[in-house]
Amino acid sequence: MGEPALFGPDFDRDPAPAYAWLRERPPHRLGFPTGTWAWLITRYDDAVKALNHPALVKSPSAGNEEWQRSGMGLPLDHRPSLASNMINTDPPEHTRLRRACAGAFGPRRMQHLRERAQQVTDELIDAVEARGHGDLVTDLAYPLPIAIICDLLGVPERYREDVHEWSLVIDSADDTDGSKVREATDVLEQLVTEVVEAKRATRGTDLISDLVAQEATGTLSADEVTSTAFLILIGGHETTVGLIATGALALLTHPGEATKARQDPQHRAAVIEETLRLHAPLQNATWRFPTEDVEIGGRLMRPGDPILVSVLAAGRDPAAYEEPDAFRPGQRAAERRHIAFGAGPHLCIGAALARLQADVAFETLLRRLPTARLAVAEEELTWWPSPITRGLFHLPVEV
């Protein structure tokens, strides 16, 4: 087998063969259609090292000139104000920006959001049940996370259809669709800006109101408020969409595991963790750049070299997991902890919220629609063409 294609429908449907080929080699210098390249890290131990390495930074300004010119930093090259958030900064700025959001993910807020997630899920499943058929992506995996993240942020109901529509543009854009991503970014930034302005006039109990209050005290800048709200709006729902969709697919295609998960909340939690390991909705962690020479997996990476850590490939590493391509919930306790939510200082701040929504979605799906089955052959399902996120366009079922 020669060097595998890392783009295209075959890879999107089943990336395992390509990643297996890559794991047999040191970190790979991956070329992109835009003309730039990045080191792609695919082995579990190398990935953990990279995610925790103090000399690998997140600031886009640390990328080399070729990367800066490539356009791979979308939307940062198009909307620099959107770069002022925790995912693109390093301590101490990262610490300050993360702390500004921490209260929104505390136990009291999480309990409220669980109750809200149950309400939304029941309404969504009511509609599927009444029809006798549905699409667990468009009827559940998308609307639930969008409703919850908009509730968390304080985004009014009238904006939510636009959030869904333009987020789908970003999720479904392939590596050549820069103009579509720019358009979607413009629309969603304007939407966030309008909500932020409204909260400056009348604050509520939501996260954007919290951010605006911190702007008033000088803790955050205006760009940091907008950029943080934008990041959480997009990042706070799209990976949860992928988690719910791929987890629902796993339950539909593994009826024995579905029966165990229906009867045992602990097994349902294990299903969530195994789905995260096996399908990693953020399949490649966002860009990192060395500030000094760094050796990973026998490769010397120079300052400014762009680096992508494939948490999806790491989650399938046979050096870390037995039968890594198999869905084996509840059988991974003695193996490595998955890194689907990252590791180190950039561990996903919304990990608990994503797990909460998946748990509500799966419990309700298994309880309310116990005879649900795929309405098409699994081979007919289509996957997002994104090199960053992993998810399904549709998951049609009959109930």
# chains A, B, ... in the order shown; residues from 1 in each chain; ligands from 1
$ select_by_dssp --residues "stretch 71-286 of chain A" --states "helix (DSSP H, G or I)" --output "NGL selection string"
:A and (80-83 or 86-88 or 93-105 or 107-131 or 137-141 or 143-153 or 157-172 or 178-201 or 207-216 or 222-253 or 255-263 or 265-279)
$ residues_around --residues "stretch 136-145 of chain A" --least-positions-apart "5" --cutoff "7 Å" --atoms "only C-alpha atoms" --output "ChimeraX atom specification"
/A:117,120-121,124,237,240-241,244-245,393-396
$ closest_residue --among "A:Ala184, A:Ile170, A:Val128, A:Val196" --to "A:Pro156" --atoms "only C-alpha atoms"
A:Val196
$ closest_residue --among "A:Ala258, A:Met86, A:Ala354, A:Ala102" --to "A:Lys58" --atoms "only C-alpha atoms"
A:Met86
$ atom_distance --atom1 "atom CA of A:Thr226" --atom2 "atom CA of A:Arg96"
15.4 Å
$ closest_residue --among "A:Asp317, A:Glu257, A:Glu292, A:Glu93" --to "A:Trp21" --atoms "only C-alpha atoms"
A:Asp317
$ residues_around --residues "A:Ala375" --least-positions-apart "2" --cutoff "10 Å" --atoms "only C-alpha atoms" --output "JSON, numbers by chain"
{"A": [133, 134, 135, 372, 373, 377, 378, 395, 396, 397, 398, 399]}
$ closest_residue --among "A:Leu300, A:Ile272, A:Ala16, A:Leu6" --to "A:Trp39" --atoms "only C-alpha atoms"
A:Leu300
$ select_by_dssp --residues "stretch 154-357 of chain A" --states "strand (DSSP E or B)" --output "count of residues only"
15
$ atom_distance --atom1 "atom CA of A:Glu115" --atom2 "atom CA of A:Val360"
9.3 Å
$ closest_residue --among "A:Glu3, A:Val195, A:Tyr321, A:Ala100" --to "A:Gln214" --atoms "only C-alpha atoms"
A:Ala100
$ closest_atom_pairs --of "stretch 48-111 of chain A" --to "stretch 331-344 of chain A" --cutoff "9 Å" --atoms "only C-alpha atoms" --output "CSV"
residue,atom,partner,partner_atom,distance
A:Val48,CA,A:Ala343,CA,7.1
A:Leu51,CA,A:Ala343,CA,5.7
A:Asn52,CA,A:Gly344,CA,4.9
A:His53,CA,A:Gly344,CA,8.4
$ write_last_selection --atoms "N, CA and C atoms" --output "tab-separated table (two decimals), in the first residue's frame"
chain	number	residue	atom	x	y	z
A	48	VAL	N	-0.13	12.20	23.21
A	48	VAL	CA	-0.17	12.67	24.59
A	48	VAL	C	1.01	13.61	24.86
A	51	LEU	N	0.24	17.02	23.13
A	51	LEU	CA	-0.83	17.78	23.76
A	51	LEU	C	-0.39	18.40	25.09
A	52	ASN	N	0.60	17.81	25.72
A	52	ASN	CA	1.08	18.31	27.02
A	52	ASN	C	2.40	19.07	26.93
A	53	HIS	N	3.00	19.17	25.76
A	53	HIS	CA	4.35	19.73	25.64
A	53	HIS	C	4.33	21.25	25.84
$ closest_residue --among "A:Gln119, A:Thr291, A:Ser310, A:Thr389" --to "A:His28" --atoms "only C-alpha atoms"
A:Ser310
$ atom_distance --atom1 "atom CA of A:Ile307" --atom2 "atom CA of A:Asp325"
24.6 Å
$ residues_around --residues "stretch 7-14 of chain A" --least-positions-apart "4" --cutoff "7 Å" --atoms "only C-alpha atoms" --output "number ranges by chain"
A: 382-385
$ write_last_selection --atoms "N, CA, C and O atoms" --output "short mmCIF file (atom, residue, chain, number, x, y, z; two decimals), in the first residue's frame"
data_model
loop_
_atom_site.label_atom_id
_atom_site.label_comp_id
_atom_site.auth_asym_id
_atom_site.auth_seq_id
_atom_site.Cartn_x
_atom_site.Cartn_y
_atom_site.Cartn_z
N THR A 382 -23.52 8.92 4.82
CA THR A 382 -22.47 9.84 4.37
C THR A 382 -21.93 10.63 5.55
O THR A 382 -22.68 11.05 6.43
N TRP A 383 -20.62 10.84 5.53
CA TRP A 383 -19.91 11.48 6.63
C TRP A 383 -19.44 12.86 6.22
O TRP A 383 -19.20 13.13 5.05
N TRP A 384 -19.31 13.74 7.22
CA TRP A 384 -18.79 15.08 6.95
C TRP A 384 -17.42 14.98 6.25
O TRP A 384 -16.60 14.13 6.62
N PRO A 385 -17.14 15.87 5.30
CA PRO A 385 -15.85 15.83 4.61
C PRO A 385 -14.77 16.68 5.29
O PRO A 385 -13.77 17.03 4.68
#
$ residues_around --residues "A:Ala313" --least-positions-apart "5" --cutoff "10 Å" --atoms "only C-alpha atoms" --output "number ranges by chain"
A: 15-20, 22-23, 40-44, 47, 277-280, 283-284, 324
$ residues_around --residues "stretch 229-232 of chain A" --least-positions-apart "4" --cutoff "7 Å" --atoms "only C-alpha atoms" --output "list of chain:residue names"
A:Glu189, A:Val192, A:Ile208, A:Val225, A:Gly236
$ write_last_selection --atoms "C-alpha atoms" --output "compact mmCIF listing (two decimals), in the first residue's frame"
# COMPACT_ATOMS: atom_id res chain seq x y z
CA GLU A 189 -20.10 36.63 13.89
CA VAL A 192 -23.04 36.84 18.03
CA ILE A 208 -22.70 36.06 27.37
CA VAL A 225 -16.18 38.73 24.61
CA GLY A 236 -19.87 23.91 22.01
$ decode --residues "stretch 193-215 of chain A" --atoms "N, CA, C and O atoms" --output "PDB file, in the first residue's frame"
ATOM      1  N   THR A 193     -22.457  39.152  17.549  1.00  0.00           N
ATOM      2  CA  THR A 193     -22.291  40.573  17.872  1.00  0.00           C
ATOM      3  C   THR A 193     -23.621  41.199  18.286  1.00  0.00           C
ATOM      4  O   THR A 193     -23.684  41.979  19.249  1.00  0.00           O
ATOM      5  N   GLU A 194     -24.692  40.845  17.582  1.00  0.00           N
ATOM      6  CA  GLU A 194     -26.010  41.385  17.927  1.00  0.00           C
ATOM      7  C   GLU A 194     -26.438  40.933  19.324  1.00  0.00           C
ATOM      8  O   GLU A 194     -26.991  41.728  20.098  1.00  0.00           O
ATOM      9  N   VAL A 195     -26.182  39.669  19.635  1.00  0.00           N
ATOM     10  CA  VAL A 195     -26.565  39.170  20.958  1.00  0.00           C
ATOM     11  C   VAL A 195     -25.738  39.855  22.046  1.00  0.00           C
ATOM     12  O   VAL A 195     -26.267  40.252  23.096  1.00  0.00           O
ATOM     13  N   VAL A 196     -24.438  40.014  21.802  1.00  0.00           N
ATOM     14  CA  VAL A 196     -23.575  40.676  22.785  1.00  0.00           C
ATOM     15  C   VAL A 196     -24.049  42.101  23.024  1.00  0.00           C
ATOM     16  O   VAL A 196     -24.132  42.560  24.185  1.00  0.00           O
ATOM     17  N   GLU A 197     -24.380  42.813  21.963  1.00  0.00           N
ATOM     18  CA  GLU A 197     -24.864  44.191  22.120  1.00  0.00           C
ATOM     19  C   GLU A 197     -26.147  44.224  22.939  1.00  0.00           C
ATOM     20  O   GLU A 197     -26.344  45.103  23.788  1.00  0.00           O
ATOM     21  N   ALA A 198     -27.037  43.278  22.688  1.00  0.00           N
ATOM     22  CA  ALA A 198     -28.287  43.230  23.458  1.00  0.00           C
ATOM     23  C   ALA A 198     -28.017  42.963  24.932  1.00  0.00           C
ATOM     24  O   ALA A 198     -28.671  43.542  25.818  1.00  0.00           O
ATOM     25  N   LYS A 199     -27.031  42.111  25.235  1.00  0.00           N
ATOM     26  CA  LYS A 199     -26.702  41.811  26.632  1.00  0.00           C
ATOM     27  C   LYS A 199     -26.030  42.993  27.317  1.00  0.00           C
ATOM     28  O   LYS A 199     -26.149  43.150  28.545  1.00  0.00           O
ATOM     29  N   ARG A 200     -25.341  43.823  26.547  1.00  0.00           N
ATOM     30  CA  ARG A 200     -24.766  45.031  27.150  1.00  0.00           C
ATOM     31  C   ARG A 200     -25.871  45.963  27.643  1.00  0.00           C
ATOM     32  O   ARG A 200     -25.711  46.675  28.633  1.00  0.00           O
ATOM     33  N   ALA A 201     -27.006  45.917  26.937  1.00  0.00           N
ATOM     34  CA  ALA A 201     -28.133  46.760  27.340  1.00  0.00           C
ATOM     35  C   ALA A 201     -28.943  46.122  28.463  1.00  0.00           C
ATOM     36  O   ALA A 201     -29.368  46.805  29.402  1.00  0.00           O
ATOM     37  N   THR A 202     -29.150  44.808  28.362  1.00  0.00           N
ATOM     38  CA  THR A 202     -29.957  44.099  29.360  1.00  0.00           C
ATOM     39  C   THR A 202     -29.318  42.747  29.629  1.00  0.00           C
ATOM     40  O   THR A 202     -29.382  41.844  28.793  1.00  0.00           O
ATOM     41  N   ARG A 203     -28.724  42.608  30.790  1.00  0.00           N
ATOM     42  CA  ARG A 203     -28.047  41.353  31.121  1.00  0.00           C
ATOM     43  C   ARG A 203     -29.033  40.331  31.679  1.00  0.00           C
ATOM     44  O   ARG A 203     -30.053  40.674  32.261  1.00  0.00           O
ATOM     45  N   GLY A 204     -28.645  39.055  31.494  1.00  0.00           N
ATOM     46  CA  GLY A 204     -29.429  37.964  32.041  1.00  0.00           C
ATOM     47  C   GLY A 204     -28.557  37.096  32.935  1.00  0.00           C
ATOM     48  O   GLY A 204     -27.574  37.568  33.524  1.00  0.00           O
ATOM     49  N   THR A 205     -28.890  35.826  33.010  1.00  0.00           N
ATOM     50  CA  THR A 205     -28.138  34.885  33.846  1.00  0.00           C
ATOM     51  C   THR A 205     -27.324  33.913  32.992  1.00  0.00           C
ATOM     52  O   THR A 205     -26.920  32.859  33.459  1.00  0.00           O
ATOM     53  N   ASP A 206     -27.074  34.286  31.752  1.00  0.00           N
ATOM     54  CA  ASP A 206     -26.412  33.420  30.785  1.00  0.00           C
ATOM     55  C   ASP A 206     -24.921  33.747  30.693  1.00  0.00           C
ATOM     56  O   ASP A 206     -24.426  34.708  31.284  1.00  0.00           O
ATOM     57  N   LEU A 207     -24.192  32.939  29.892  1.00  0.00           N
ATOM     58  CA  LEU A 207     -22.747  33.101  29.783  1.00  0.00           C
ATOM     59  C   LEU A 207     -22.360  34.399  29.093  1.00  0.00           C
ATOM     60  O   LEU A 207     -21.400  35.065  29.519  1.00  0.00           O
ATOM     61  N   ILE A 208     -23.061  34.793  28.031  1.00  0.00           N
ATOM     62  CA  ILE A 208     -22.699  36.057  27.375  1.00  0.00           C
ATOM     63  C   ILE A 208     -22.874  37.218  28.338  1.00  0.00           C
ATOM     64  O   ILE A 208     -22.046  38.145  28.371  1.00  0.00           O
ATOM     65  N   SER A 209     -23.898  37.190  29.157  1.00  0.00           N
ATOM     66  CA  SER A 209     -24.058  38.236  30.172  1.00  0.00           C
ATOM     67  C   SER A 209     -22.894  38.225  31.156  1.00  0.00           C
ATOM     68  O   SER A 209     -22.405  39.284  31.570  1.00  0.00           O
ATOM     69  N   ASP A 210     -22.422  37.026  31.529  1.00  0.00           N
ATOM     70  CA  ASP A 210     -21.251  36.924  32.410  1.00  0.00           C
ATOM     71  C   ASP A 210     -20.028  37.563  31.750  1.00  0.00           C
ATOM     72  O   ASP A 210     -19.259  38.291  32.395  1.00  0.00           O
ATOM     73  N   LEU A 211     -19.839  37.290  30.455  1.00  0.00           N
ATOM     74  CA  LEU A 211     -18.691  37.840  29.741  1.00  0.00           C
ATOM     75  C   LEU A 211     -18.782  39.360  29.629  1.00  0.00           C
ATOM     76  O   LEU A 211     -17.786  40.070  29.800  1.00  0.00           O
ATOM     77  N   VAL A 212     -19.981  39.857  29.338  1.00  0.00           N
ATOM     78  CA  VAL A 212     -20.186  41.309  29.244  1.00  0.00           C
ATOM     79  C   VAL A 212     -19.902  41.975  30.587  1.00  0.00           C
ATOM     80  O   VAL A 212     -19.307  43.068  30.650  1.00  0.00           O
ATOM     81  N   ALA A 213     -20.311  41.336  31.671  1.00  0.00           N
ATOM     82  CA  ALA A 213     -20.034  41.890  32.998  1.00  0.00           C
ATOM     83  C   ALA A 213     -18.535  41.967  33.248  1.00  0.00           C
ATOM     84  O   ALA A 213     -18.039  42.936  33.854  1.00  0.00           O
ATOM     85  N   GLN A 214     -17.793  40.981  32.770  1.00  0.00           N
ATOM     86  CA  GLN A 214     -16.336  40.998  32.953  1.00  0.00           C
ATOM     87  C   GLN A 214     -15.668  42.017  32.029  1.00  0.00           C
ATOM     88  O   GLN A 214     -14.623  42.579  32.359  1.00  0.00           O
ATOM     89  N   GLU A 215     -16.293  42.289  30.894  1.00  0.00           N
ATOM     90  CA  GLU A 215     -15.813  43.383  30.044  1.00  0.00           C
ATOM     91  C   GLU A 215     -15.964  44.716  30.773  1.00  0.00           C
ATOM     92  O   GLU A 215     -15.076  45.578  30.729  1.00  0.00           O
TER      93      GLU A 215
END
